[in-house]
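For reference, protein.cif is printed below; it contains mmCIF, C-alpha atoms.
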data_input
#
loop_
_atom_site.group_PDB
_atom_site.id
_atom_site.type_symbol
_atom_site.label_atom_id
_atom_site.label_comp_id
_atom_site.auth_asym_id
_atom_site.auth_seq_id
_atom_site.Cartn_x
_atom_site.Cartn_y
_atom_site.Cartn_z
ATOM 1 C CA MET A 5 -16.088 -38.265 -2.960
ATOM 2 C CA LEU A 6 -14.190 -35.013 -3.049
ATOM 3 C CA GLN A 7 -10.815 -34.598 -4.711
ATOM 4 C CA ILE A 8 -8.537 -32.227 -2.827
ATOM 5 C CA LYS A 9 -5.245 -30.773 -3.978
ATOM 6 C CA TYR A 10 -3.038 -28.093 -2.464
ATOM 7 C CA LYS A 11 -0.207 -25.789 -3.445
ATOM 8 C CA SER A 12 2.200 -23.525 -1.581
ATOM 9 C CA ILE A 13 2.820 -20.092 -3.089
ATOM 10 C CA SER A 14 4.922 -17.071 -2.135
ATOM 11 C CA THR A 15 4.062 -13.785 -3.839
ATOM 12 C CA GLU A 16 6.429 -10.819 -3.863
ATOM 13 C CA PHE A 17 5.283 -7.363 -2.723
ATOM 14 C CA HIS A 18 5.841 -4.379 -5.001
ATOM 15 C CA HIS A 19 7.459 -2.700 -1.980
ATOM 16 C CA PRO A 20 8.705 -4.344 1.226
ATOM 17 C CA PHE A 21 5.651 -4.317 3.504
ATOM 18 C CA THR A 22 6.219 -3.213 7.091
ATOM 19 C CA THR A 23 3.757 -3.003 9.976
ATOM 20 C CA ALA A 24 4.115 -2.950 13.761
ATOM 21 C CA HIS A 25 4.378 -6.753 13.470
ATOM 22 C CA GLY A 26 7.492 -6.660 11.254
ATOM 23 C CA LEU A 27 8.660 -6.553 7.619
ATOM 24 C CA LYS A 28 7.762 -8.837 4.710
ATOM 25 C CA THR A 29 9.053 -8.956 1.138
ATOM 26 C CA HIS A 30 6.836 -11.903 0.129
ATOM 27 C CA GLN A 31 3.445 -13.220 1.206
ATOM 28 C CA PRO A 32 3.350 -17.012 1.601
ATOM 29 C CA ALA A 33 -0.028 -18.695 1.243
ATOM 30 C CA LEU A 34 -1.715 -22.062 0.898
ATOM 31 C CA LEU A 35 -4.010 -22.690 -2.056
ATOM 32 C CA VAL A 36 -6.560 -25.505 -1.812
ATOM 33 C CA ALA A 37 -8.547 -26.927 -4.728
ATOM 34 C CA ILE A 38 -11.692 -29.029 -4.172
ATOM 35 C CA THR A 39 -13.173 -30.941 -7.109
ATOM 36 C CA PHE A 40 -16.552 -32.672 -7.281
ATOM 37 C CA ASN A 41 -18.356 -33.864 -10.418
ATOM 38 C CA GLY A 42 -15.732 -32.239 -12.629
ATOM 39 C CA LEU A 43 -16.011 -28.748 -11.102
ATOM 40 C CA THR A 44 -13.175 -27.233 -9.087
ATOM 41 C CA GLY A 45 -13.254 -24.479 -6.500
ATOM 42 C CA ILE A 46 -10.144 -22.780 -5.142
ATOM 43 C CA GLY A 47 -9.484 -21.229 -1.728
ATOM 44 C CA GLU A 48 -6.581 -19.301 -0.240
ATOM 45 C CA ALA A 49 -5.129 -18.875 3.238
ATOM 46 C CA PRO A 50 -2.130 -16.550 3.711
ATOM 47 C CA ALA A 51 0.346 -17.633 6.390
ATOM 48 C CA ILE A 52 0.779 -14.978 9.097
ATOM 49 C CA HIS A 53 3.706 -15.341 11.483
ATOM 50 C CA TYR A 54 2.194 -13.361 14.377
ATOM 51 C CA TYR A 55 -0.692 -15.835 14.446
ATOM 52 C CA ASN A 56 1.878 -18.657 14.509
ATOM 53 C CA VAL A 57 0.633 -20.024 11.192
ATOM 54 C CA SER A 58 2.896 -21.324 8.433
ATOM 55 C CA VAL A 59 2.078 -22.923 5.093
ATOM 56 C CA GLU A 60 4.022 -25.998 6.197
ATOM 57 C CA SER A 61 1.915 -26.456 9.337
ATOM 58 C CA MET A 62 -1.322 -26.101 7.344
ATOM 59 C CA ILE A 63 -0.169 -28.685 4.808
ATOM 60 C CA GLU A 64 0.922 -31.082 7.543
ATOM 61 C CA GLU A 65 -2.472 -30.965 9.223
ATOM 62 C CA LEU A 66 -4.319 -31.160 5.903
ATOM 63 C CA LEU A 67 -2.435 -34.332 4.932
ATOM 64 C CA GLN A 68 -3.178 -35.946 8.288
ATOM 65 C CA LYS A 69 -6.935 -35.612 7.725
ATOM 66 C CA MET A 70 -7.009 -35.849 3.918
ATOM 67 C CA PRO A 71 -8.635 -39.336 3.763
ATOM 68 C CA ILE A 72 -11.479 -38.141 6.024
ATOM 69 C CA LEU A 73 -11.983 -34.967 3.988
ATOM 70 C CA CYS A 74 -12.099 -36.814 0.694
ATOM 71 C CA ARG A 75 -14.852 -39.125 1.946
ATOM 72 C CA TYR A 76 -17.136 -36.175 2.714
ATOM 73 C CA SER A 77 -20.502 -36.383 0.965
ATOM 74 C CA TYR A 78 -21.511 -33.323 -1.048
ATOM 75 C CA THR A 79 -23.845 -30.976 0.847
ATOM 76 C CA GLU A 80 -24.371 -27.231 1.219
ATOM 77 C CA PRO A 81 -21.366 -25.078 2.228
ATOM 78 C CA ASP A 82 -22.584 -24.321 5.765
ATOM 79 C CA ARG A 83 -22.552 -28.019 6.626
ATOM 80 C CA PHE A 84 -19.130 -28.515 5.067
ATOM 81 C CA TRP A 85 -17.757 -25.649 7.182
ATOM 82 C CA HIS A 86 -19.081 -27.264 10.370
ATOM 83 C CA PHE A 87 -17.476 -30.538 9.316
ATOM 84 C CA CYS A 88 -14.098 -28.821 8.744
ATOM 85 C CA HIS A 89 -14.421 -26.759 11.922
ATOM 86 C CA HIS A 90 -14.714 -29.931 13.996
ATOM 87 C CA LEU A 91 -11.993 -31.682 11.991
ATOM 88 C CA PHE A 92 -9.516 -28.798 12.435
ATOM 89 C CA PRO A 93 -10.795 -27.015 15.590
ATOM 90 C CA THR A 94 -7.662 -24.902 16.151
ATOM 91 C CA ASN A 95 -6.642 -24.193 12.549
ATOM 92 C CA HIS A 96 -8.860 -21.321 11.369
ATOM 93 C CA PHE A 97 -6.570 -20.512 8.455
ATOM 94 C CA LEU A 98 -6.784 -24.011 6.937
ATOM 95 C CA VAL A 99 -10.551 -24.143 7.498
ATOM 96 C CA CYS A 100 -10.846 -20.813 5.671
ATOM 97 C CA ALA A 101 -9.041 -22.149 2.594
ATOM 98 C CA LEU A 102 -11.278 -25.231 2.547
ATOM 99 C CA ASP A 103 -14.468 -23.231 3.145
ATOM 100 C CA MET A 104 -13.573 -20.730 0.426
ATOM 101 C CA ALA A 105 -12.797 -23.495 -2.071
ATOM 102 C CA TYR A 106 -16.053 -25.294 -1.287
ATOM 103 C CA TRP A 107 -18.146 -22.122 -1.668
ATOM 104 C CA ASN A 108 -16.394 -21.466 -4.987
ATOM 105 C CA MET A 109 -17.159 -24.994 -6.208
ATOM 106 C CA TYR A 110 -20.750 -24.821 -4.941
ATOM 107 C CA ALA A 111 -21.337 -21.521 -6.783
ATOM 108 C CA LEU A 112 -19.951 -23.020 -10.003
ATOM 109 C CA MET A 113 -22.392 -25.902 -9.665
ATOM 110 C CA LYS A 114 -25.244 -23.431 -9.256
ATOM 111 C CA ARG A 115 -23.849 -21.357 -12.165
ATOM 112 C CA LYS A 116 -23.935 -18.214 -10.074
ATOM 113 C CA LYS A 117 -21.592 -15.995 -8.132
ATOM 114 C CA ILE A 118 -21.710 -16.436 -4.360
ATOM 115 C CA ILE A 119 -23.297 -12.998 -3.999
ATOM 116 C CA GLU A 120 -26.090 -14.117 -6.342
ATOM 117 C CA LEU A 121 -26.707 -17.197 -4.198
ATOM 118 C CA TRP A 122 -27.266 -14.805 -1.290
ATOM 119 C CA ASN A 123 -29.653 -12.625 -3.365
ATOM 120 C CA THR A 124 -27.629 -9.563 -2.383
ATOM 121 C CA PRO A 125 -28.034 -6.589 -4.766
ATOM 122 C CA TRP A 126 -24.747 -5.182 -6.051
ATOM 123 C CA GLU A 127 -25.244 -1.670 -4.700
ATOM 124 C CA ASN A 128 -23.860 0.760 -2.113
ATOM 125 C CA CYS A 129 -20.471 -0.936 -2.254
ATOM 126 C CA PRO A 130 -17.707 0.836 -0.312
ATOM 127 C CA LEU A 131 -14.445 1.821 -1.999
ATOM 128 C CA THR A 132 -11.393 -0.174 -1.077
ATOM 129 C CA ASP A 133 -8.472 1.606 0.506
ATOM 130 C CA TYR A 134 -4.827 1.273 -0.511
ATOM 131 C CA THR A 135 -2.361 0.496 2.270
ATOM 132 C CA ILE A 136 0.851 2.421 2.860
ATOM 133 C CA GLY A 137 3.221 0.271 4.913
ATOM 134 C CA LEU A 138 5.598 1.692 7.505
ATOM 135 C CA ASP A 139 8.718 3.292 6.055
ATOM 136 C CA THR A 140 10.600 6.552 6.137
ATOM 137 C CA PRO A 141 8.280 9.553 5.745
ATOM 138 C CA GLU A 142 9.797 10.228 2.326
ATOM 139 C CA MET A 143 9.183 6.675 1.112
ATOM 140 C CA MET A 144 5.631 6.598 2.468
ATOM 141 C CA ILE A 145 4.795 9.776 0.588
ATOM 142 C CA GLU A 146 6.498 8.395 -2.519
ATOM 143 C CA LYS A 147 4.361 5.221 -2.310
ATOM 144 C CA MET A 148 1.257 7.357 -1.900
ATOM 145 C CA ASN A 149 2.066 9.568 -4.890
ATOM 146 C CA GLU A 150 2.905 6.487 -6.944
ATOM 147 C CA LYS A 151 -0.661 5.241 -6.434
ATOM 148 C CA PRO A 152 -3.247 8.043 -6.603
ATOM 149 C CA TRP A 153 -6.212 6.677 -4.646
ATOM 150 C CA PRO A 154 -9.305 8.067 -2.875
ATOM 151 C CA ILE A 155 -8.624 6.286 0.441
ATOM 152 C CA TYR A 156 -5.311 5.377 2.052
ATOM 153 C CA LYS A 157 -4.798 3.121 5.023
ATOM 154 C CA VAL A 158 -1.576 4.104 6.766
ATOM 155 C CA LYS A 159 0.317 1.717 9.009
ATOM 156 C CA LEU A 160 1.688 3.315 12.180
ATOM 157 C CA ALA A 161 3.566 1.972 15.198
ATOM 158 C CA GLU A 162 4.656 4.796 17.501
ATOM 159 C CA LYS A 163 3.170 8.106 18.587
ATOM 160 C CA ASN A 164 6.062 9.878 16.840
ATOM 161 C CA ASP A 165 4.575 8.610 13.572
ATOM 162 C CA LEU A 166 2.203 11.569 13.808
ATOM 163 C CA ALA A 167 4.850 13.513 11.896
ATOM 164 C CA ILE A 168 4.346 11.113 8.981
ATOM 165 C CA LEU A 169 0.627 11.800 8.910
ATOM 166 C CA ASN A 170 1.191 15.543 8.994
ATOM 167 C CA LYS A 171 3.479 15.283 5.984
ATOM 168 C CA MET A 172 1.063 13.052 4.113
ATOM 169 C CA ARG A 173 -1.822 15.411 4.765
ATOM 170 C CA THR A 174 0.108 18.240 3.094
ATOM 171 C CA GLU A 175 0.372 16.041 -0.018
ATOM 172 C CA THR A 176 -3.195 14.707 -0.314
ATOM 173 C CA ASP A 177 -6.830 15.508 0.415
ATOM 174 C CA ALA A 178 -7.727 11.807 0.189
ATOM 175 C CA ILE A 179 -9.444 9.992 3.039
ATOM 176 C CA ILE A 180 -6.887 8.603 5.491
ATOM 177 C CA ARG A 181 -7.425 5.640 7.782
ATOM 178 C CA ILE A 182 -4.767 4.505 10.210
ATOM 179 C CA ASP A 183 -3.874 1.084 11.543
ATOM 180 C CA ALA A 184 -1.749 0.882 14.691
ATOM 181 C CA ASN A 185 -1.776 -2.942 14.803
ATOM 182 C CA ALA A 186 -2.154 -2.850 18.611
ATOM 183 C CA ALA A 187 1.079 -0.891 19.063
ATOM 184 C CA TRP A 188 -0.083 2.075 21.203
ATOM 185 C CA SER A 189 -0.499 2.473 24.925
ATOM 186 C CA LEU A 190 -3.679 4.090 26.214
ATOM 187 C CA GLU A 191 -1.662 7.185 27.155
ATOM 188 C CA ASP A 192 -0.256 7.428 23.626
ATOM 189 C CA ALA A 193 -3.688 7.041 22.075
ATOM 190 C CA LEU A 194 -5.287 9.689 24.295
ATOM 191 C CA THR A 195 -2.469 12.089 23.439
ATOM 192 C CA LEU A 196 -2.825 11.436 19.718
ATOM 193 C CA LEU A 197 -6.608 11.675 19.443
ATOM 194 C CA PRO A 198 -6.925 15.486 19.275
ATOM 195 C CA GLU A 199 -4.191 15.649 16.629
ATOM 196 C CA LEU A 200 -5.776 12.879 14.576
ATOM 197 C CA GLU A 201 -9.107 14.672 14.687
ATOM 198 C CA LYS A 202 -7.427 17.792 13.244
ATOM 199 C CA LEU A 203 -6.088 15.640 10.384
ATOM 200 C CA ASN A 204 -9.594 14.348 9.556
ATOM 201 C CA ILE A 205 -8.647 10.722 10.092
ATOM 202 C CA GLU A 206 -11.614 8.566 9.078
ATOM 203 C CA LEU A 207 -11.041 5.625 11.434
ATOM 204 C CA ILE A 208 -8.445 3.969 13.643
ATOM 205 C CA GLU A 209 -7.867 0.240 13.501
ATOM 206 C CA GLN A 210 -6.780 -1.555 16.665
ATOM 207 C CA PRO A 211 -5.025 1.236 18.586
ATOM 208 C CA LEU A 212 -4.365 -0.799 21.762
ATOM 209 C CA ALA A 213 -3.281 -4.346 22.599
ATOM 210 C CA LYS A 214 -5.844 -6.955 21.619
ATOM 211 C CA ASP A 215 -6.760 -7.792 25.215
ATOM 212 C CA ASN A 216 -6.798 -4.237 26.601
ATOM 213 C CA TRP A 217 -10.593 -4.160 26.894
ATOM 214 C CA GLU A 218 -10.707 -1.642 29.759
ATOM 215 C CA GLY A 219 -8.380 0.723 27.921
ATOM 216 C CA MET A 220 -10.566 0.536 24.817
ATOM 217 C CA LYS A 221 -13.677 1.445 26.825
ATOM 218 C CA ILE A 222 -11.921 4.609 28.021
ATOM 219 C CA LEU A 223 -10.678 5.412 24.542
ATOM 220 C CA LYS A 224 -14.106 4.921 22.982
ATOM 221 C CA GLU A 225 -15.624 7.427 25.420
ATOM 222 C CA LYS A 226 -13.048 10.041 24.352
ATOM 223 C CA SER A 227 -12.876 9.385 20.610
ATOM 224 C CA THR A 228 -14.923 11.096 17.929
ATOM 225 C CA ILE A 229 -13.079 8.932 15.391
ATOM 226 C CA PRO A 230 -14.509 5.420 14.868
ATOM 227 C CA LEU A 231 -12.373 2.737 16.501
ATOM 228 C CA ILE A 232 -12.341 -0.577 14.634
ATOM 229 C CA ALA A 233 -11.342 -3.886 16.233
ATOM 230 C CA ASP A 234 -8.910 -6.053 14.280
ATOM 231 C CA GLU A 235 -6.624 -8.184 16.449
ATOM 232 C CA SER A 236 -9.341 -8.024 19.137
ATOM 233 C CA CYS A 237 -11.897 -9.536 16.748
ATOM 234 C CA VAL A 238 -10.749 -12.897 15.436
ATOM 235 C CA THR A 239 -13.761 -15.214 15.607
ATOM 236 C CA GLU A 240 -17.529 -15.054 16.097
ATOM 237 C CA ALA A 241 -17.130 -15.188 19.873
ATOM 238 C CA ASP A 242 -15.248 -11.869 19.813
ATOM 239 C CA VAL A 243 -18.005 -9.756 18.232
ATOM 240 C CA GLU A 244 -19.929 -9.356 21.483
ATOM 241 C CA LYS A 245 -16.716 -8.527 23.383
ATOM 242 C CA CYS A 246 -15.971 -5.642 21.021
ATOM 243 C CA TYR A 247 -19.271 -3.852 21.595
ATOM 244 C CA GLU A 248 -18.227 -1.760 24.615
ATOM 245 C CA GLY A 249 -14.772 -0.718 23.418
ATOM 246 C CA PHE A 250 -15.099 -0.286 19.665
ATOM 247 C CA HIS A 251 -17.387 1.355 17.147
ATOM 248 C CA GLY A 252 -16.933 -1.465 14.655
ATOM 249 C CA ILE A 253 -15.129 -4.660 13.760
ATOM 250 C CA ASN A 254 -12.776 -5.705 10.977
ATOM 251 C CA ILE A 255 -13.573 -9.230 9.795
ATOM 252 C CA LYS A 256 -10.829 -11.153 8.036
ATOM 253 C CA LEU A 257 -11.865 -14.356 6.341
ATOM 254 C CA THR A 258 -8.579 -16.072 7.069
ATOM 255 C CA LYS A 259 -8.562 -15.545 10.810
ATOM 256 C CA CYS A 260 -12.303 -16.090 11.406
ATOM 257 C CA SER A 261 -12.140 -19.375 9.412
ATOM 258 C CA GLY A 262 -13.923 -18.481 6.216
ATOM 259 C CA ILE A 263 -16.940 -17.178 4.358
ATOM 260 C CA THR A 264 -19.474 -19.132 6.421
ATOM 261 C CA PRO A 265 -18.673 -17.637 9.861
ATOM 262 C CA ALA A 266 -18.041 -14.193 8.340
ATOM 263 C CA LYS A 267 -21.692 -14.047 7.248
ATOM 264 C CA ARG A 268 -22.825 -14.717 10.803
ATOM 265 C CA MET A 269 -20.364 -12.166 12.224
ATOM 266 C CA ILE A 270 -21.815 -9.455 9.984
ATOM 267 C CA GLU A 271 -25.348 -10.281 11.103
ATOM 268 C CA HIS A 272 -24.318 -10.206 14.769
ATOM 269 C CA ALA A 273 -22.399 -6.945 14.410
ATOM 270 C CA LYS A 274 -25.323 -5.208 12.733
ATOM 271 C CA LYS A 275 -27.654 -6.263 15.529
ATOM 272 C CA LEU A 276 -25.246 -4.524 17.921
ATOM 273 C CA ASN A 277 -25.095 -1.421 15.665
ATOM 274 C CA LEU A 278 -21.398 -1.972 15.094
ATOM 275 C CA LYS A 279 -19.831 -0.784 11.852
ATOM 276 C CA VAL A 280 -18.528 -3.624 9.673
ATOM 277 C CA MET A 281 -15.226 -3.576 7.846
ATOM 278 C CA MET A 282 -13.730 -6.502 5.980
ATOM 279 C CA GLY A 283 -9.975 -6.612 5.678
ATOM 280 C CA CYS A 284 -7.455 -8.667 3.808
ATOM 281 C CA MET A 285 -4.245 -10.404 4.791
ATOM 282 C CA ASN A 286 -2.595 -9.687 1.448
ATOM 283 C CA GLU A 287 -4.461 -12.356 -0.481
ATOM 284 C CA THR A 288 -4.081 -12.722 -4.222
ATOM 285 C CA GLU A 289 -7.115 -12.442 -6.480
ATOM 286 C CA ILE A 290 -8.376 -15.824 -5.228
ATOM 287 C CA GLY A 291 -8.966 -14.612 -1.691
ATOM 288 C CA SER A 292 -9.990 -11.148 -2.860
ATOM 289 C CA VAL A 293 -12.848 -12.537 -4.959
ATOM 290 C CA ALA A 294 -14.266 -14.109 -1.802
ATOM 291 C CA ILE A 295 -14.144 -10.699 -0.067
ATOM 292 C CA ALA A 296 -15.804 -9.016 -3.067
ATOM 293 C CA ASN A 297 -18.974 -11.064 -2.522
ATOM 294 C CA PHE A 298 -19.463 -9.262 0.811
ATOM 295 C CA LEU A 299 -19.052 -5.706 -0.502
ATOM 296 C CA PRO A 300 -22.721 -4.598 -0.377
ATOM 297 C CA GLN A 301 -22.917 -5.684 3.271
ATOM 298 C CA LEU A 302 -19.902 -3.617 4.406
ATOM 299 C CA ASP A 303 -19.318 -0.089 5.686
ATOM 300 C CA TYR A 304 -15.582 -0.176 4.912
ATOM 301 C CA VAL A 305 -13.328 -2.545 3.004
ATOM 302 C CA ASP A 306 -9.598 -3.144 2.750
ATOM 303 C CA MET A 307 -9.056 -5.606 -0.114
ATOM 304 C CA ASP A 308 -5.910 -4.271 -1.750
ATOM 305 C CA GLY A 309 -3.865 -7.488 -1.784
ATOM 306 C CA PRO A 310 -3.759 -7.695 -5.603
ATOM 307 C CA LEU A 311 -2.567 -4.067 -5.691
ATOM 308 C CA LEU A 312 0.241 -4.585 -3.176
ATOM 309 C CA LEU A 313 1.466 -7.895 -4.589
ATOM 310 C CA LYS A 314 3.133 -8.705 -7.899
ATOM 311 C CA VAL A 315 0.268 -10.856 -9.173
ATOM 312 C CA PRO A 316 -0.623 -11.934 -12.733
ATOM 313 C CA GLU A 317 -3.174 -9.911 -14.671
ATOM 314 C CA LEU A 318 -6.520 -10.094 -12.894
ATOM 315 C CA THR A 319 -9.249 -12.190 -14.532
ATOM 316 C CA GLN A 320 -12.202 -11.807 -12.166
ATOM 317 C CA LEU A 321 -11.910 -8.421 -10.463
ATOM 318 C CA LYS A 322 -11.220 -4.895 -11.660
ATOM 319 C CA TYR A 323 -9.761 -2.167 -9.418
ATOM 320 C CA GLU A 324 -10.259 1.400 -10.573
ATOM 321 C CA TYR A 325 -9.545 4.289 -8.186
ATOM 322 C CA GLY A 326 -11.071 2.483 -5.231
ATOM 323 C CA VAL A 327 -13.999 0.938 -7.099
ATOM 324 C CA VAL A 328 -14.004 -2.857 -7.229
ATOM 325 C CA SER A 329 -16.074 -4.488 -9.960
ATOM 326 C CA TRP A 330 -16.442 -7.882 -11.616
ATOM 327 C CA LEU A 331 -14.809 -8.552 -14.958
#
Target format structure tokens, applied to this file:
Amino acid sequence: MLQIKYKSISTEFHHPFTTAHGLKTHQPALLVAITFNGLTGIGEAPAIHYYNVSVESMIEELLQKMPILCRYSYTEPDRFWHFCHHLFPTNHFLVCALDMAYWNMYALMKRKKIIELWNTPWENCPLTDYTIGLDTPEMMIEKMNEKPWPIYKVKLAEKNDLAILNKMRTETDAIIRIDANAAWSLEDALTLLPELEKLNIELIEQPLAKDNWEGMKILKEKSTIPLIADESCVTEADVEKCYEGFHGINIKLTKCSGITPAKRMIEHAKKLNLKVMMGCMNETEIGSVAIANFLPQLDYVDMDGPLLLKVPELTQLKYEYGVVSWL
């Protein structure tokens, strides 16, 4: 039998974090611990309001099915994910926490890191970006200068935010990615593209509304900058949909329901010649370690949660000017 425990946490940001979806001063999350034969794995699922997910709702559903979960017989992680997926068919965030914890426990039993279980060489790993949340232009530049970094991901909401990018570009030669969080209209995006090209923007995450598939097809035809699906790519079923309107996808473990489906999403995306990014939802080190196992398989990564949050000293990962390594 499995032993399962849970804990609610709320971690403060170094700076209030604002996107097109709103402002946050803290990141709430659910931690899940799964123990079998004396070994314990831990998983994490941040609660995200615009996905209508709260820690309280995850705990409520977990408690309802706890007796069934605890009776699960130990098997490989893929089978456990399928079990959880059918037990909680609409709660991807909770399934992610359980899947992550189980993979962690399974790797401890095998005395290897997850990446070693996959026989993936630790090479050609992309640098992680550092996110600059929406703010006044002065504050965004101050945040950037406070954290010298080779790649910045800049949150934008309106076409007038172009002025922010122009100011930032005068302050840094670093790579700049932008994330509109589905806030632009097609007209806005088409107007902005030539200006963004002049600023050497590396990629644009989710410029249009998540279901504006026709608009994205038009935008892809016009854009020389890679367009990466985020809100449009939630689960495995979305990968195929993104092919015509995007150059790549951003996989987030929390929203796709964990490590197990993320592996399949990467395989599917590569068959379609889509670029693969993995993003975070401001996880602590627990969730970030899970992302780190995917690094050699990725073209881009955004795993800066432990940099944005006021977390304890890291014990498993090291961040050094974009390079992520194991401690």
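Applied to the file shown here, the PyMOL selection byres ((chain A and resi 219) around 12) selects the residues Ala186, Trp188, Ser189, Leu190, Glu191, Asp192, Ala193, Leu194, Gln210, Pro211, Leu212, Ala213, Lys214, Asp215, Asn216, Trp217, Glu218, Met220, Lys221, Ile222, Leu223, Lys224, Glu225, Lys226, Glu248, Gly249 and Phe250 of chain A.
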Hits of the PyMOL selection byres ((chain A and resi 173) around 12) in this structure, as a PyMOL selection string: chain A and resi 141+144-145+148-149+156+158+166-172+174-181+200+202-205
Step by step, work through what the PyMOL selection byres ((chain A and resi 79-92) around 7) selects in the shown file, and finish by giving those residues as a list in words.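 Taken on the displayed file, the PyMOL selection byres ((chain A and resi 79-92) around 7) yields the residues Ser77, Tyr78, Pro93, Thr94, Asn95, Val99, Asp103, Tyr106, Trp107 and Thr264 of chain A.
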With 7 Å as the threshold, what does the neighbourhood of (-12.8, -33.2, -5.1) contain in terms of residues, counting only C-alpha atoms? Coordinates are those of the file; answer as a list in words.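 It turns out the residues near that spot are Met5, Leu6, Gln7, Ile8, Ile38, Thr39, Phe40 and Cys74 of chain A.
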Among the residues A:Ser292, A:Ser329, A:Ser261, A:Asn254, the one that comes closest to Val280 of chain A [using only C-alpha atoms]: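 With only C-alpha atoms as the atom set, the closest residue is A:Asn254.
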Which is closer to Leu207 of chain A than all the others in A:Ala266, A:Met104, A:Val305, A:Ala161, using only C-alpha atoms?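 Using only C-alpha atoms, the shortest distance to Leu207 of chain A belongs to A:Val305.
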Counting all atoms listed in the file, write as a ChimeraX atom specification all protein and nucleic acid residues lying at most 6 Å from (4.3, -20.7, 3.9) in the file's frame. /A:32-33,51,58-60
Distance of atom CA of Val36 of chain A from atom CA of His19 of chain A, expressed in Å to one decimal place: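 Result for atom CA of His19 of chain A versus atom CA of Val36 of chain A: 26.8 Å, one decimal.
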For Ala187 of chain A, the nearest of the candidates A:Thr23, A:Trp126, A:Leu331, A:Ile155, counting all atoms listed in the file: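 Closest candidate: A:Thr23.
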Set the distance at 6 Å and use only C-alpha atoms: which residues neighbour Gly137 of chain A once local chain neighbours fewer than 4 positions away are removed? I'd like the list as a count of residues only. 3
Please compute the atom CA of Cys237 of chain A-atom CA of Met269 of chain A distance, one decimal, in Å.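 Separating atom CA of Cys237 of chain A from atom CA of Met269 of chain A is a distance of 10.0 Å.
Shell of Ile295 of chain A at 9 Å, with all atoms listed in the file counted and residues fewer than 4 places along the chain excluded, is Lys256, Leu257, Ile263, Met282, Gly283, Cys284, Gly291, Leu299, Val305 and Met307 of chain A.
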What does the file look like for those residues with C-alpha atoms, as a compact mmCIF listing (two decimals), keeping the file's coordinate frame?
# COMPACT_ATOMS: atom_id res chain seq x y z
CA LYS A 256 -10.83 -11.15 8.04
CA LEU A 257 -11.86 -14.36 6.34
CA ILE A 263 -16.94 -17.18 4.36
CA MET A 282 -13.73 -6.50 5.98
CA GLY A 283 -9.98 -6.61 5.68
CA CYS A 284 -7.46 -8.67 3.81
CA GLY A 291 -8.97 -14.61 -1.69
CA LEU A 299 -19.05 -5.71 -0.50
CA VAL A 305 -13.33 -2.54 3.00
CA MET A 307 -9.06 -5.61 -0.11
What is the distance between atom CA of Ala273 of chain A and atom CA of Met109 of chain A, in Å to one decimal? 27.9 Å
Which of A:Leu35, A:Leu276, A:Leu131, A:Ile136 sits closest to Leu312 of chain A [using only C-alpha atoms]: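 Among the listed residues, the smallest separation from Leu312 of chain A belongs to A:Ile136.
Of the listed residues (A:Ile46, A:Leu196, A:Leu313, A:Leu321), A:Leu196 comes nearest to Asn164 of chain A; the distances count only C-alpha atoms.
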For Thr195 of chain A, the nearest of the candidates A:Pro71, A:Ile182, A:Lys163, A:Gly26, counting all atoms listed in the file: A:Lys163
Applying 10 Å and only C-alpha atoms, which residues near Ile270 of chain A remain after dropping the ones on its own chain fewer than 3 positions away? List them as an MDAnalysis selection string. chainID A and resid 240 243 253:255 265:267 273:276 278:282 298 301:302
